Protein chains: 2
Amino acid sequence: MKRLFLILAALCVTMSVTAQEALRSGSRIVSPEIHDNNSVTLRLFAPEAKKVVVTANFLTPDGNPVEGTEMTRNAEGVWEYTSPVLRSELYNYNFVVDGVKICDPANVYVCRDVAAMFNIFIIDGDRGELYRVNNVPHGSVKRTWYNSPTLGKDRRITVYTPAGYEQSKEKYPVLYLLHGAGGDEEAWMTLGRTSQILDNLIAQGKACPMLVVMTNGNAWQQAAPGEAADGMGQPAMRMAGSRPAASFEESFGDVIEWVENNYSVIKKKEARAVAGLSMGGGHSFNISRTYPNTFDYVGLFSAAARIGDNEEVKASLAKQRDNGFKLYWIACGKTDFLYQANKDAMKYMDSINFPYTYRESDEGHIWRNWRIYLSEFAPMLFK
Amino acid sequence: MKRLFLILAALCVTMSVTAQEALRSGSRIVSPEIHDNNSVTLRLFAPEAKKVVVTANFLTPDGNPVEGTEMTRNAEGVWEYTSPVLRSELYNYNFVVDGVKICDPANVYVCRDVAAMFNIFIIDGDRGELYRVNNVPHGSVKRTWYNSPTLGKDRRITVYTPAGYEQSKEKYPVLYLLHGAGGDEEAWMTLGRTSQILDNLIAQGKACPMLVVMTNGNAWQQAAPGEAADGMGQPAMRMAGSRPAASFEESFGDVIEWVENNYSVIKKKEARAVAGLSMGGGHSFNISRTYPNTFDYVGLFSAAARIGDNEEVKASLAKQRDNGFKLYWIACGKTDFLYQANKDAMKYMDSINFPYTYRESDEGHIWRNWRIYLSEFAPMLFK
């Protein structure tokens with residue numbers, strides 16, 4: 001037995017050199033350290049750096065990153081920054097070391113937004129509780145592929161099914177949840193914390209068990225960066241350049257058909273919702289008005305939706321109004337660059353007695369708002 | 001319509017500030033740049049740095065990281081390193097900027113090994129083709145939860161189902177694929193490239209369509225870091241300290257039962273394989289000898305397996321030999337610290353006429369080998 005212990009001991013200390021190095025450096029630095037009063041200390045061991053700055057979305061009241069706050073170096077070469085007391089939220093940050101923007105090497109929780117990588121942490125106690133993993137029944141998340149005849153390709157899609165779905169004989173309602181420009185079928189999972197929000201809202205009895213289908217809304221794309229055969233290049237917005245066979249909205253029937261053929265779902269208007277942020281809000285606007293009588297619930301989060309003088313849009317909205325629906329929910333932040341566009345859309349809706357509910361929030365075109373909107377929208381569905 | 005274009009243009013250039021920043025900096029630096037001759041250039045914009053080093057697993061012939069190679073600064077403050085011509089493989093690297101180890105800010109493809117984060121890239125042309133996403137039918141990957149009565153908790157698990165599984169009325173064989181110490185239910189997916197390897201081998205007709213079930217082998221743990229209610233702390237090996245109700249091997253029946261109750265699988269010995277690396281190789285050794293007559297295929301990859309003078313182990317191996325099986329595959333690298341332990345185990349197996357196949361590779365206890373072993377093992381299964 002002594003030899004077995006030696007082997008296990010060797011395993012513990014050697015493994016791969018990479019892992020080993022992580023443990024060695026990790027034992028020195030704790031970052032982020034969240035204090036009992038909900039302030040947070042960030043740390044970086046960089047004895048040779050001349051200047052280290054933290055950039056984060058908790059340095060300014062509006063939640064937008066500023067150029068950053070300088071960290072302070074101690075005698076051992078560890079740079080530190082301690083935040084003010086933070087309200088319960090999911091936050092993100094980077095370090096800028098002598099002008100080089102990096103992720104915190106002591107924090108393995110990173111997110112990607114287009115081509116930017118940053119670290120995240122969660123402050124518990126209130127809203128952040130919805131974004132963390134709690135000791136509740138967990139749904140499943142499947143990355144899979146559907147064929148879109150309209151776009152002429154297989155496309156990657158993320159499907160959340162609630163806890164108990166696999167064992168149940170029930171049929172479930174579906175929320176189609178759409179990302180913004182620069183996002184993909186991963187965005188709502190990583191930046192949006194969708195599976196955590198849904199697990200928690202369902203466990204609290206605040207939301208009905210439902211499927212959440214997260215599509216890739218870039219018609220030119222098969223899948224998120226690194227997940228398609230076009231390789232592991234640098235992610236980009238790439239809204240121009242390619243010529244898809246159709247728009248994403250035009251192809252959305254392929255998604256609905258695939259979901260309803262492959263999952264145990266209720267194939268009725270009253271059990272379908274579509275919502276999205278920014279470009280995905282525009283998609284939700286277009287999909288809900290052009291798919292005839294298909295959705296009882298529509299959510300436009302900071303939406304890029306436009307009516308203007310377009311007679312086709314106006315006619316479809318009148319038809320949508322006449323067909324009726326249960327909830328048309330428009331949410332926008334006061335400092336959002338799409339604020340006025342949303343106001344204009346609602347002004348037109350008022351003029352034709354198109355019923356909607358408006359939720360105005362603080363702050364602007366940021367994921368913090370979109371997580372809040374999802375947390376508020378999901379409990380209103382399918383009831 | 002002009003206004004719509006303005007909105008879309010604003011969307012393109014503003015989105016979130018984070019995304020915007022990524023695009024701005026990303027337009028300057030391309031890294032990694034893979035050249036036609038399969039050398040690679042890495043770049044970092046760090047005008048104020050005094051020394052930038054690249055650490056990578058392609059700097060030395062044995063594939064183990066060394067202290068690193070210095071990069072060269074150009075007049076604009078961009079540091080560069082160009083590798084020798086590389087054979088087709090998946091590689092990983094970090095930068096060390098004045099002593100601070102970071103990920104390449106221009107490369108969003110990162111992996112975690114315990115608490116270490118590093119960038120990856122793939123050189124095409126041969127073995128790397130198996131690790132990249134190709135234009136082939138793709139399987140699905142589901143992160144879900146099973147209940148383990150033996151361990152007294154819900155536990156997270158990753159299940160790969162091959163392309164066509166959902167639409168098929170067939171029943172499939174199952175490979176249970178186990179990680180090493182410091183890993184979890186994500187390790188084979190990220191570091192092991194399991195879904196890419198299986199998609200590609202199946203598309204080439206080299207492997208049968210099969211499920212691959214990737215468990216969390218740490219009995220003290222519910223899920224990978226950040227995926228359980230214990231929060232987003234720094235990942236650690238944590239082999240000691242906690243007191244699980246049973247060993248992972250003792251709880252493995254819960255996994256098999258859950259898989260066979262929830263998936264369309266063949267519930268026969270001839271359709272079950274178990275394989276693992278390092279600690280997971282030890283688990284596979286123990287599981288295959290103690291679950292009576294359950295597995296026809298066993299793979300020990302750089303395994304921490306030990307026979308010694310343990311009479312219970314010897315008796316169970318004799319029984320396993322008498323029951324028979326189709327393949328007992330042992331793979332180890334020449335420089336692996338478990339090389340002699342594997343040799344000792346095989347010496348005992350020889351002495352009792354326990355049939356096995358031995359595959360000796362170059363290099364040591366590294367993921368490069370484990371991807372190779374999986375690529376060679378999977379085609380031998382269920383035929």
# chains A, B, ... in the order shown; residues from 1 in each chain; ligands from 1
>>> residues_around(residues="Ala228 (chain B)", least_positions_apart="3", cutoff="10 Å", atoms="only C-alpha atoms", output="PDB file with N, CA and C atoms, in the first residue's frame")
ATOM      1  N   ARG A 132     -26.219  33.310  -9.355  1.00  0.00           N
ATOM      2  CA  ARG A 132     -25.279  32.288  -8.897  1.00  0.00           C
ATOM      3  C   ARG A 132     -25.959  30.918  -8.930  1.00  0.00           C
ATOM      4  N   VAL A 133     -25.133  29.889  -8.846  1.00  0.00           N
ATOM      5  CA  VAL A 133     -25.662  28.533  -8.752  1.00  0.00           C
ATOM      6  C   VAL A 133     -26.058  28.300  -7.296  1.00  0.00           C
ATOM      7  N   ASN A 134     -27.320  28.008  -7.065  1.00  0.00           N
ATOM      8  CA  ASN A 134     -27.784  27.709  -5.714  1.00  0.00           C
ATOM      9  C   ASN A 134     -28.104  26.228  -5.582  1.00  0.00           C
ATOM     10  N   ASN A 135     -28.369  25.830  -4.367  1.00  0.00           N
ATOM     11  CA  ASN A 135     -28.659  24.425  -4.105  1.00  0.00           C
ATOM     12  C   ASN A 135     -30.126  24.132  -4.403  1.00  0.00           C
ATOM     13  N   VAL A 136     -30.442  24.166  -5.690  1.00  0.00           N
ATOM     14  CA  VAL A 136     -31.814  23.945  -6.179  1.00  0.00           C
ATOM     15  C   VAL A 136     -31.732  22.914  -7.300  1.00  0.00           C
ATOM     16  N   HIS A 138     -31.440  21.562 -10.852  1.00  0.00           N
ATOM     17  CA  HIS A 138     -30.834  22.217 -12.004  1.00  0.00           C
ATOM     18  C   HIS A 138     -31.394  21.675 -13.310  1.00  0.00           C
TER      19      HIS A 138
ATOM     20  N   ASP B 154     -26.914  15.271  -5.746  1.00  0.00           N
ATOM     21  CA  ASP B 154     -27.016  15.478  -7.186  1.00  0.00           C
ATOM     22  C   ASP B 154     -25.634  15.853  -7.696  1.00  0.00           C
ATOM     23  N   ARG B 155     -25.307  15.353  -8.888  1.00  0.00           N
ATOM     24  CA  ARG B 155     -23.971  15.569  -9.427  1.00  0.00           C
ATOM     25  C   ARG B 155     -24.070  15.917 -10.908  1.00  0.00           C
ATOM     26  N   ARG B 156     -23.195  16.793 -11.353  1.00  0.00           N
ATOM     27  CA  ARG B 156     -23.222  17.255 -12.742  1.00  0.00           C
ATOM     28  C   ARG B 156     -22.488  16.258 -13.639  1.00  0.00           C
ATOM     29  N   GLN B 221     -17.154  16.292  -4.605  1.00  0.00           N
ATOM     30  CA  GLN B 221     -17.571  17.446  -5.394  1.00  0.00           C
ATOM     31  C   GLN B 221     -18.897  17.153  -6.095  1.00  0.00           C
ATOM     32  N   GLN B 222     -19.731  18.206  -6.222  1.00  0.00           N
ATOM     33  CA  GLN B 222     -20.959  18.044  -6.996  1.00  0.00           C
ATOM     34  C   GLN B 222     -20.742  18.327  -8.475  1.00  0.00           C
ATOM     35  N   ALA B 223     -19.841  19.276  -8.741  1.00  0.00           N
ATOM     36  CA  ALA B 223     -19.725  19.791 -10.103  1.00  0.00           C
ATOM     37  C   ALA B 223     -18.406  20.523 -10.256  1.00  0.00           C
ATOM     38  N   ALA B 224     -18.096  20.869 -11.475  1.00  0.00           N
ATOM     39  CA  ALA B 224     -16.903  21.652 -11.787  1.00  0.00           C
ATOM     40  C   ALA B 224     -16.962  23.003 -11.071  1.00  0.00           C
ATOM     41  N   PRO B 225     -15.808  23.631 -10.869  1.00  0.00           N
ATOM     42  CA  PRO B 225     -15.785  24.948 -10.216  1.00  0.00           C
ATOM     43  C   PRO B 225     -16.753  25.925 -10.888  1.00  0.00           C
ATOM     44  N   GLY B 231     -20.030  28.038  -4.891  1.00  0.00           N
ATOM     45  CA  GLY B 231     -19.532  29.339  -5.333  1.00  0.00           C
ATOM     46  C   GLY B 231     -18.430  29.298  -6.356  1.00  0.00           C
ATOM     47  N   MET B 232     -17.814  30.449  -6.530  1.00  0.00           N
ATOM     48  CA  MET B 232     -16.839  30.641  -7.598  1.00  0.00           C
ATOM     49  C   MET B 232     -15.456  30.870  -7.012  1.00  0.00           C
TER      50      MET B 232
END
>>> select_by_dssp(residues="region 141-364 of chain A", states="alpha helix (DSSP H)", output="PyMOL selection string")
chain A and resi 187-190+194-203+252-262+279-290+311-323+339-351
>>> closest_residue(among="A:Thr290, A:Asn94, A:Ser39, A:Thr72", to="Asn57 (chain A)", atoms="only C-alpha atoms")
A:Asn94
>>> closest_residue(among="A:Ile366, A:Val255, A:Ala303, A:Ala331", to="Val174 (chain A)", atoms="only C-alpha atoms")
A:Val255
>>> interface_residues(of="chain A", to="chain B", cutoff="6 Å", atoms="only C-alpha atoms", output="CSV table (one decimal) with C-alpha atoms, in the first residue's frame")
chain,number,residue,atom,x,y,z
A,16,SER,CA,0.7,18.3,-15.6
A,19,ALA,CA,-1.8,22.5,-13.3
A,22,ALA,CA,-1.4,27.1,-11.3
A,46,ALA,CA,3.4,42.1,-10.6
A,48,GLU,CA,8.1,44.7,-12.0
A,98,ASP,CA,1.6,49.0,-18.0
A,100,VAL,CA,-1.6,45.7,-21.5
A,113,ASP,CA,-18.0,39.5,-25.4
A,114,VAL,CA,-17.2,39.5,-29.1
A,115,ALA,CA,-13.4,39.4,-28.8
A,116,ALA,CA,-13.0,40.8,-25.3
A,133,VAL,CA,-25.7,28.5,-8.8
A,134,ASN,CA,-27.8,27.7,-5.7
A,135,ASN,CA,-28.7,24.4,-4.1
A,140,SER,CA,-29.9,20.8,-18.4
A,141,VAL,CA,-28.2,22.7,-21.2
A,142,LYS,CA,-27.6,21.1,-24.5
A,143,ARG,CA,-25.5,22.4,-27.3
A,144,THR,CA,-26.8,20.8,-30.5
A,228,ALA,CA,-17.8,25.8,-36.7
A,229,ALA,CA,-15.5,24.5,-39.5
A,366,ILE,CA,-25.3,46.7,-20.9
>>> atom_distance(atom1="CA of Ala75 (chain B)", atom2="CA of Val52 (chain B)")
14.7 Å
>>> residues_around(residues="Phe382 (chain B)", least_positions_apart="3", cutoff="8 Å", atoms="only C-alpha atoms", output="VMD selection string")
chain B and resid 173 208 270 to 271
>>> write_last_selection(atoms="C-alpha atoms", output="tab-separated table (two decimals), in the first residue's frame")
chain	number	residue	atom	x	y	z
B	173	PRO	CA	-23.20	1.69	-26.96
B	208	CYS	CA	-19.05	3.51	-34.25
B	270	GLU	CA	-20.54	-5.76	-25.18
B	271	ALA	CA	-21.86	-2.19	-25.46
>>> select_by_dssp(residues="region 58-265 of chain A", states="strand (DSSP E)", output="JSON, numbers by chain")
{"A": [69, 70, 72, 73, 78, 79, 80, 81, 82, 90, 91, 92, 93, 94, 95, 96, 97, 100, 101, 102, 110, 111, 112, 113, 116, 117, 118, 119, 120, 121, 122, 140, 141, 142, 143, 144, 145, 146, 147, 148, 153, 154, 155, 156, 157, 158, 159, 160, 161, 174, 175, 176, 177, 178, 211, 212, 213, 214]}
>>> residues_around(residues="Arg321 (chain B)", least_positions_apart="5", cutoff="10 Å", atoms="only C-alpha atoms", output="number ranges by chain")
B: 289, 293, 315-316, 349, 352-355
>>> atom_distance(atom1="CA of Tyr291 (chain A)", atom2="CA of Lys269 (chain A)")
10.7 Å
>>> residues_around(residues="Leu130 (chain B)", least_positions_apart="6", cutoff="10 Å", atoms="only C-alpha atoms", output="ChimeraX atom specification")
/B:88-90,124,193-201,371-372,375
